[in-house]
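Student: What follows is a structure written as C-alpha cells; I'll ask about it next.
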Amino acid sequence: MKMTLLWTIQFLSVPVISPLCAGIIKKFKALLQNRQGPGIFQPYRDIGKLLYKDEVISRDASWIFRYAPYIIFTATVVAGTGIPLFASFLKNTLTGDLLVVIYTLSIGTFFLALAGMDTGSAFGGFGSSREMTVSALAEGGLIFSLLTVALVSGTTNLFAGSGTGMFAIGRSFLPRILAFGGFFIVLLAETGRFPFDNPATHLELTMIHEAMILEYSGKRLALMEWASANKLFIFAAMASNLFFPWGIAQGPDTAAIIFGITTFAIKIIIFCMVIAVLESSMAKFRFFRLPDLLIISFILNVIAIGMVYPL
Amino acid sequence: MDTITNQTGLFVLLLLFSAGALGSLVLRKHDALSNEWSGLFSIAGSLWGLFFALSVIITGHDVSFAVETAFSPLFSLAFHIDRLSAFFIFVVSLIALFSSVYGIGYVKHFYKTYSIGVLGLFYNLFIAAMLLVVSASNGIFFLIAWEIMSVTSYFLVVYDRNDEGNIKAGFLYLIMTHAGTAFIILSFLLFYKYTGSFDFETVRANAALIPLTVKNAVFLLALIGFGTKAGIVPFHIWLPGAHPAAPSHVSALMSGVMIKTGIYMLIRIFLGMLQPVPIWWGLTVLAAGSVSSLLGVLYALTEHDIKRLLAYHSIENIGIILLGLGSALTFSSLGMPSLALLGLIAALFHILNHAVFKSLLFLSAGSVINETHTRNMEEYGGLIRFMPQTAFFFLVGAMAISALPPFNGFFSEWLTFQSLFKGIAVPDFSAKWMFILAAGALAFTGGLALACFVKAFGATFLARPRSPEVAHAKESRLTLRAAMGALAALSFLFGICSGYLIPFLESIGRDLDAFRNTPSFVSVSPEQSITAGGGFASVSAPAFLFIFIAVFIIVSFTVKYLINRSQRVKIGETWDCGTDLTPRMEITATGFARSIILIFKGVLKPSIQKEIEYNDSRSRYLPKTRTVILGISDVYGSYVYKPLREMITRLSLRTKDIQSGNINVYISYIFIALVIALFWVL
C-alpha cells in the first residue's frame, strides 16, 4: 500500500512539480533584476490558459506535428520514472538505467526537431538544426557524467547511484565533483538555458527551442511548454540527487521519506537559484563557441572517470 | 528437426537458389515471368534457409561433411555449419526473404530497359554465394565462394549501366574487393605454411604450432582483408559508391548482410581459431571500431544523396559491431571470458539488428527514389503526404538506427555500452583508456546519428515539396509495402523480445571453444528484464513499452477529451513574416548539417565555394545569382590512395627498364635465373 502510494508520488511529481520549478527561476530572475515579477505559480496559470485556447495548425503540417507534443510529453514523464527524486530505495530496475533515461529523453528531442521541420518555416528548420547540433555534442558529456556516478556506485541504475552517499567511498568525492562540473554544462545545454539558448526570447538570431515550437498554439503549445519544464526538472533532480546524494530516503520509513522530500525540495530550490543567478549575470554565447563548452564538459568527465579507479 | 540438419538440408537450400538463378536466365525473354520465377525461388530458398538455420541453432547439431575432389588433396568442398554459421545463414535468409518480396514489385521499373533474367541470375547466385561463404570450412573452397560473392555483387552494382557513375563505382568496388582478397589469401597461406592444411578445423586444432609473430601478421592481414569487405575506415572508400549504385533491394542485401560476412570471418578466425590472442589485437579492433563509427556518422551527415547517407551509416554500424567484437577479444585476452561473451553477444545482436533496420531503410529509400527519380534529398520534401506508409516505415527504421527505445537498435547498443563500461573497470592501464575512448566514441556516435536521421527524415518527408517530381509521387506497390512493413514490425519485435533473443545469441557464442564453459554475465529474468554484467545494469523492454503506452494514452485522452472538449482547430498558413512562403525557404539537408560540418571541419575538411554574379559588374550591390557549393574533400583519396597509386606507377615504370625488347637480354635473364636456381638447390 505504502509502496503504491510512493510510486504514485514518484510518477506524478515530475509533471506536477516541474512548472513550479520554472516559476521559481523566473521569480528569482525578476528579483535579481529589481522587478517584482510574476508569482511562482504563474507557469501553471499559463499552461491552464493555453489548454483552454483554440488552436491554429499549419496547412503544411503532417501527423508528426500533431502527435509530437504528446510523444515528447510522454517521453519526459517516462524518463521521470527512471530517476531518483526523494527515495533511493524505489529501485526501478526496469527503466531506471542511465542509458534508458538518456535515450528516452532523446525520443523527445527527435520528435521535437522533426516537429520543428514539419511546418516548413525557416525558423523551425534552423531551430531543429541548432538543437540537434547541441544535443549531439552534449551526448558524450551527458553519458560520461552519469557513468562516473555509475562506476562509483557499481551499477548503472540511477537510484542506486543516489543512495551511495557523497563520501561513502573515500576517493569518489573528487570524480563526483568533476563529473558534476561536466553535467552542469550539459544541463544548461539540454534544457536550453544561458549561455546556450535564451528561454525568454523570440528573436530569430538567438533562439533554439523557441524556434522549433514557434508554430504551436493552444493545447499542443501547453504540452510543449510543460514538457520542457519537465525536462528542466528531471535534469535538476539528477544533478541534485546523483552528485549531492544527501538526505535521500534510504528506506520506507515515514520520517525518512518526509526528510527526503524536504531535502529534495531545498536542493531543487538552490538549483533554481543558481540557474537564475547564472542567467542574470552572463550573456548568451555565440553559437559556434558552444562546442568548446561541451567539449570541456566531456573532458572533465573523462578525467573524472580516469580517477574513479586510480592505479 | 534432426531430419533437416544434415547435408540434404543444405543441398536443398543451394538447389533452390540455383534453380532460381538458372530458371530466370532461361526465361529471360519474358520479363515478368523471369522476375516472378527468380523472386519465388529466392523466397522459397530464404524460407528454407530460415528453417534450416533455426533447426541448427535450436538442436545444436553441427552439419559437417566434405566432398573430396580430384584436383588436390588440399581442396575439398568441405562444409561445417555450427551455430555461428547457422546464425549468419539465418541473417542472410531473413534479409534475402524481404528483399526478394520487395524485388518482385521493385524490378518492374527495369522491364524493357535491362535484362531481367540476368538480374535474377546474379541475384540468386549472390545469395547462394553468401550462404556458401558462411558455411565453407576449407580455405580454398571459402575463397572460391568469396570470389563468387564479390563478382556477382559487382555485376549487380553495375546493373543500372546507363549511369556512368555506377560503372565507376563498380570498378572501384572490384579493385578494392580484390585487393582485400589478396590479403585474405596471404593469411590463409600463412595458415597452410604452419599447420599444413587449408581446413579451418585442422588450423584451429594446430593453432598452437603457429608462432606469435606469424599470428600477429595473420591478424593484420585478416583485419585488412576482411575489413575491406566490412567497410572499416580507411578501407571503406568503395562502399559509399557501390551500395547506392545497385538496385535498392540489392543495396539492402549488400549493406544488411554482405558486409557482415567480413565480420563473420573476423569472429571465426580471432575468437574461434586463434585463441588465446595477445591483448593488442582487441585494442586494435576497438580503435578501428571507434574510428569507423565516428567517421562513418560524420560523413553520413555531409551527404545529401539518400543512399550514400545510408551507406555511410553502414560503416558507422560496422564500427559499433567491432566495438562489441573488440571488447570480446580484449576481455578474453585479459582472462575474463564472461565479459568477453557479453561483448560477443552485443556484437551478434547488433549484426542481426543492423541487418533488419538497414535493409528497411534501403528499401524505403528505394521506394522514394522510384517515385521521385532522384537520389538527391534536396529535391524531396513533403513526401509524407504522398507516401504516408513508406514515411512511417522509414521513421521506424530511423528510430531503430538512432538507438531509440523500444526499437531493436537500442538494445544491442545498450549491450555494447555495458561491455565497454565494464571494460573501464579493468586493471590493465592501456585497455582501460582504450575502453574509455571507445565508450566516448560510441556516445558521440549515438548523438550524431540522431542528428543525421532527423536530417534525413525531415528533409525527405516533412515540410513542402522542393521539386515538382514530388507532387507526382504515389504510395508504392503492395509487395514493396509488405516487405517494408514486415521489416518494420521485426525491428519493433526484436526490440520488445530482446529478452527472448539473448539466450539464443548466448548459445551461439557458447558454441565457440573459448566460451564453452563460461558462466554468463547476461541474464534474463522471467519478467523479460535483461541484466548485464552481473547486476551492473538492467533494462526491460516490455516494461518500458507498457509504461510509455500507458502514459501516452492517459495524457492524450486527458488532454483531448477531458480538458476543453469544445476547442476549435483552425487550419492556417505557416508564419512567413509577411512574405510569400516558398519551398526554398525551408531548411535543406545541407543547411541542416552545416553547423556540425563546420564544427568538425578539422576532420571533414569541408570546402566552400561561393560564386556571385552581379547585375552590374561595377556596382556590386545587386547580385543576380548566388551559388554556394559546400563539399567535402576526399581525404582518403588524396592522402592514402593517391600516394599509393603513384608509388605503384613508379614501381611499374622502374620494372619496365629491364624489359628492353631485345631477345638476347631475355635469354640472359633465363640463364641467370637458371644459375641462381642451381646454386639454390646445391
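How things are named: the first chain in the C-alpha cells is A, the next is B, and so on; residues count from 1 in each chain; ligands count from 1 in the order shown.
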Output as a VMD selection string the set of chain A residues within 7 Å of chain B, with distances taken over only C-alpha atoms.
Tutor: chain A and resid 52 to 61 70 to 71 74 78 93 to 95 97 103 to 104 107 110 113 to 114 117 to 122 125 to 126 129 132 to 133 135 to 137 139 to 140 143 154 to 157 309
Student: Quick one: write out the picked residues with N, CA and C atoms as a tab-separated table (two decimals), in the first residue's frame?
Tutor:
chain	number	residue	atom	x	y	z
A	52	TYR	N	-7.03	25.82	-22.66
A	52	TYR	CA	-8.41	26.17	-22.99
A	52	TYR	C	-8.53	27.04	-24.23
A	53	LYS	N	-7.42	27.25	-24.92
A	53	LYS	CA	-7.47	28.12	-26.10
A	53	LYS	C	-7.74	27.31	-27.37
A	54	ASP	N	-8.21	28.02	-28.39
A	54	ASP	CA	-8.34	27.39	-29.70
A	54	ASP	C	-6.96	27.30	-30.34
A	55	GLU	N	-6.90	26.55	-31.44
A	55	GLU	CA	-5.60	26.23	-32.00
A	55	GLU	C	-5.54	26.52	-33.48
A	56	VAL	N	-4.36	26.92	-33.97
A	56	VAL	CA	-4.14	27.05	-35.41
A	56	VAL	C	-3.03	26.09	-35.80
A	57	ILE	N	-3.28	25.27	-36.80
A	57	ILE	CA	-2.26	24.34	-37.26
A	57	ILE	C	-1.94	24.66	-38.71
A	58	SER	N	-0.66	24.61	-39.05
A	58	SER	CA	-0.26	24.95	-40.41
A	58	SER	C	-0.79	23.94	-41.41
A	59	ARG	N	-1.08	24.45	-42.61
A	59	ARG	CA	-1.55	23.60	-43.69
A	59	ARG	C	-0.50	22.56	-44.07
A	60	ASP	N	0.77	22.91	-43.88
A	60	ASP	CA	1.85	22.02	-44.31
A	60	ASP	C	2.17	20.94	-43.29
A	61	ALA	N	1.56	21.03	-42.11
A	61	ALA	CA	1.96	20.11	-41.04
A	61	ALA	C	1.39	18.73	-41.27
A	70	TYR	N	2.39	15.17	-27.75
A	70	TYR	CA	2.01	14.06	-26.87
A	70	TYR	C	3.20	13.14	-26.63
A	71	ILE	N	3.94	12.83	-27.72
A	71	ILE	CA	5.08	11.91	-27.59
A	71	ILE	C	6.16	12.54	-26.71
A	74	THR	N	5.08	12.57	-23.11
A	74	THR	CA	5.15	11.22	-22.58
A	74	THR	C	6.59	10.81	-22.30
A	78	VAL	N	8.02	9.43	-18.80
A	78	VAL	CA	8.61	8.10	-18.66
A	78	VAL	C	10.03	8.21	-18.13
A	93	THR	N	14.40	-1.22	-11.54
A	93	THR	CA	15.38	-1.94	-12.37
A	93	THR	C	14.86	-2.12	-13.79
A	94	LEU	N	13.63	-1.68	-14.06
A	94	LEU	CA	13.07	-1.89	-15.39
A	94	LEU	C	13.42	-0.75	-16.33
A	95	THR	N	13.26	0.50	-15.87
A	95	THR	CA	13.58	1.62	-16.74
A	95	THR	C	14.49	2.63	-16.02
A	97	ASP	N	17.75	2.56	-15.78
A	97	ASP	CA	19.13	2.53	-16.25
A	97	ASP	C	19.49	3.88	-16.85
A	103	TYR	N	18.25	7.93	-23.46
A	103	TYR	CA	17.69	7.71	-24.78
A	103	TYR	C	16.18	7.93	-24.80
A	104	THR	N	15.52	7.82	-23.65
A	104	THR	CA	14.10	8.18	-23.62
A	104	THR	C	13.95	9.68	-23.84
A	107	ILE	N	14.18	10.47	-27.42
A	107	ILE	CA	12.94	10.34	-28.22
A	107	ILE	C	12.27	11.69	-28.31
A	110	PHE	N	14.18	13.99	-30.63
A	110	PHE	CA	13.98	13.56	-32.01
A	110	PHE	C	12.67	14.13	-32.56
A	113	ALA	N	12.63	18.01	-32.84
A	113	ALA	CA	13.33	18.52	-34.02
A	113	ALA	C	12.53	18.25	-35.28
A	114	LEU	N	11.89	17.07	-35.36
A	114	LEU	CA	11.07	16.77	-36.55
A	114	LEU	C	9.88	17.72	-36.62
A	117	MET	N	10.77	20.96	-38.10
A	117	MET	CA	10.96	20.98	-39.55
A	117	MET	C	9.64	20.81	-40.30
A	118	ASP	N	8.63	20.29	-39.62
A	118	ASP	CA	7.44	19.81	-40.31
A	118	ASP	C	6.65	20.92	-41.00
A	119	THR	N	6.62	22.13	-40.40
A	119	THR	CA	5.78	23.16	-40.99
A	119	THR	C	6.48	23.87	-42.13
A	120	GLY	N	7.76	23.60	-42.33
A	120	GLY	CA	8.47	24.19	-43.45
A	120	GLY	C	8.77	25.67	-43.28
A	121	SER	N	8.79	26.15	-42.02
A	121	SER	CA	9.20	27.54	-41.84
A	121	SER	C	10.70	27.58	-41.61
A	122	ALA	N	11.32	28.69	-42.01
A	122	ALA	CA	12.77	28.78	-41.89
A	122	ALA	C	13.19	28.74	-40.42
A	125	GLY	N	13.17	25.04	-39.03
A	125	GLY	CA	14.26	24.24	-39.56
A	125	GLY	C	15.58	24.59	-38.91
A	126	PHE	N	15.84	25.89	-38.78
A	126	PHE	CA	17.12	26.25	-38.18
A	126	PHE	C	17.15	25.95	-36.70
A	129	SER	N	18.02	22.33	-36.54
A	129	SER	CA	19.43	22.10	-36.85
A	129	SER	C	20.30	22.45	-35.65
A	132	MET	N	19.81	19.93	-32.73
A	132	MET	CA	20.45	18.63	-32.92
A	132	MET	C	21.97	18.75	-32.82
A	133	THR	N	22.52	19.89	-33.28
A	133	THR	CA	23.95	20.09	-33.14
A	133	THR	C	24.33	20.09	-31.66
A	135	SER	N	22.61	18.99	-29.08
A	135	SER	CA	22.34	17.77	-28.32
A	135	SER	C	23.27	16.64	-28.74
A	136	ALA	N	23.71	16.64	-30.01
A	136	ALA	CA	24.67	15.60	-30.42
A	136	ALA	C	25.99	15.78	-29.68
A	137	LEU	N	26.41	17.02	-29.53
A	137	LEU	CA	27.70	17.25	-28.87
A	137	LEU	C	27.58	17.10	-27.36
A	139	GLU	N	25.84	14.80	-25.93
A	139	GLU	CA	25.62	13.38	-25.61
A	139	GLU	C	26.81	12.75	-24.86
A	140	GLY	N	28.02	13.04	-25.34
A	140	GLY	CA	29.21	12.44	-24.73
A	140	GLY	C	29.34	12.85	-23.27
A	143	ILE	N	26.40	11.21	-21.08
A	143	ILE	CA	26.57	9.79	-20.74
A	143	ILE	C	27.73	9.61	-19.78
A	154	GLY	N	28.89	1.27	-8.72
A	154	GLY	CA	28.94	-0.12	-9.17
A	154	GLY	C	27.72	-0.59	-9.91
A	155	THR	N	26.85	0.30	-10.31
A	155	THR	CA	25.71	-0.10	-11.12
A	155	THR	C	25.23	1.11	-11.91
A	156	THR	N	24.67	0.84	-13.11
A	156	THR	CA	24.18	1.96	-13.91
A	156	THR	C	22.77	2.36	-13.51
A	157	ASN	N	22.23	1.71	-12.49
A	157	ASN	CA	20.90	2.11	-12.04
A	157	ASN	C	21.01	3.43	-11.29
A	309	TYR	N	39.07	4.78	-10.80
A	309	TYR	CA	39.85	3.60	-10.43
A	309	TYR	C	41.32	3.95	-10.48
Student: Quick one: everything within 7 Å of Lys219 of chain A, counting only C-alpha atoms, minus sequence neighbours fewer than 4 positions away in the same chain. Send it as a list in words.
Tutor: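 Using only C-alpha atoms, the neighbours found are Leu50, Leu51, Lys53 and Leu223 of chain A.
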Student: Which polymer residues have any atom within 9 Å of an atom of segment 28-36 of chain A, counting only C-alpha atoms, with same-chain residues fewer than 6 positions away left out, as a ChimeraX atom specification?
Tutor: /A:272-273,275-277,279-280
Student: Could you give me, as a list in words, each residue of segment 55-293 of chain A that DSSP assigns to strand (DSSP E) when run on this structure's backbone?
Tutor: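 The strand (DSSP E) subset of segment 55-293 of chain A is Glu55, Val56, Ile57 and Ser58 of chain A.
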Student: Would you kindly return, as a PyMOL selection string, each protein, DNA or RNA residue with an atom no farther than 12 Å from any atom of segment 200-214 of chain B, considering only C-alpha atoms and excluding same-chain residues fewer than 6 positions away?
Tutor: chain B and resi 64-65+74-76+78-82+135-142+186-194+220-222+265+268-278+512-514
Student: Among the residues of segment 123-317 of chain B, find those DSSP assigns to alpha helix (DSSP H) from the backbone and print them as a ChimeraX atom specification.
Tutor: /B:123-135,139-157,164-195,200-205,212-230,239-245,248-253,259-266,279-302,306-317
Student: Determine the nearest neighbour of Phe357 of chain B from the options B:Tyr669, B:Phe492, B:Tyr299, B:Phe219, counting only C-alpha atoms.
Tutor: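 Distance minimum relative to Phe357 of chain B lands on B:Phe492.
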Student: In Å, how far is it from atom CA of Ala21 of chain B to atom CA of Gly117 of chain B?
Tutor: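 Interatomic distance here is 8.2 Å.
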Student: Could you tell me how far atom CA of Leu131 of chain B lies from atom CA of Val92 of chain B, in Å and to one decimal?
Tutor: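 Atom-to-atom, atom CA of Leu131 of chain B to atom CA of Val92 of chain B, that is 7.2 Å.
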Student: List as a VMD selection string the protein and nucleic acid residues near Glu210 of chain A, meaning an atom at most 12 Å away when only C-alpha atoms are counted, but skip any in the same chain fewer than 2 places from it.
Tutor: chain A and resid 112 to 113 116 123 to 128 130 to 131 191 to 193 197 to 208 212 to 216 221 224 to 225 228
Student: For Phe52 of chain B, list every protein, DNA or RNA residue within 12 Å, evaluated using only C-alpha atoms, and leave out those in the same chain fewer than 4 positions away; present the list as a VMD selection string.
Tutor: chain B and resid 1 to 14 45 to 48 56 to 63 81 to 83 85 to 91 93 to 94 131
Student: Counting only C-alpha atoms, which of B:Thr479, B:Asn376, B:Ser338, B:Ser668 gets nearest to Thr460 of chain B?
Tutor: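 Comparing B:Thr479, B:Asn376, B:Ser338, B:Ser668 against Thr460 of chain B, the winner is B:Asn376.
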Student: In Å, how far is it from atom CA of Lys229 of chain B to atom CA of Thr330 of chain B?
Tutor: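 Atom-to-atom, atom CA of Lys229 of chain B and atom CA of Thr330 of chain B are spaced 22.9 Å apart.
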Student: Between B:Gly423, B:Pro623, B:Gly105, B:Pro468, which residue has the minimum interatomic distance to Tyr380 of chain B, considering only C-alpha atoms?
Tutor: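 The closest residue to Tyr380 of chain B is B:Pro468.
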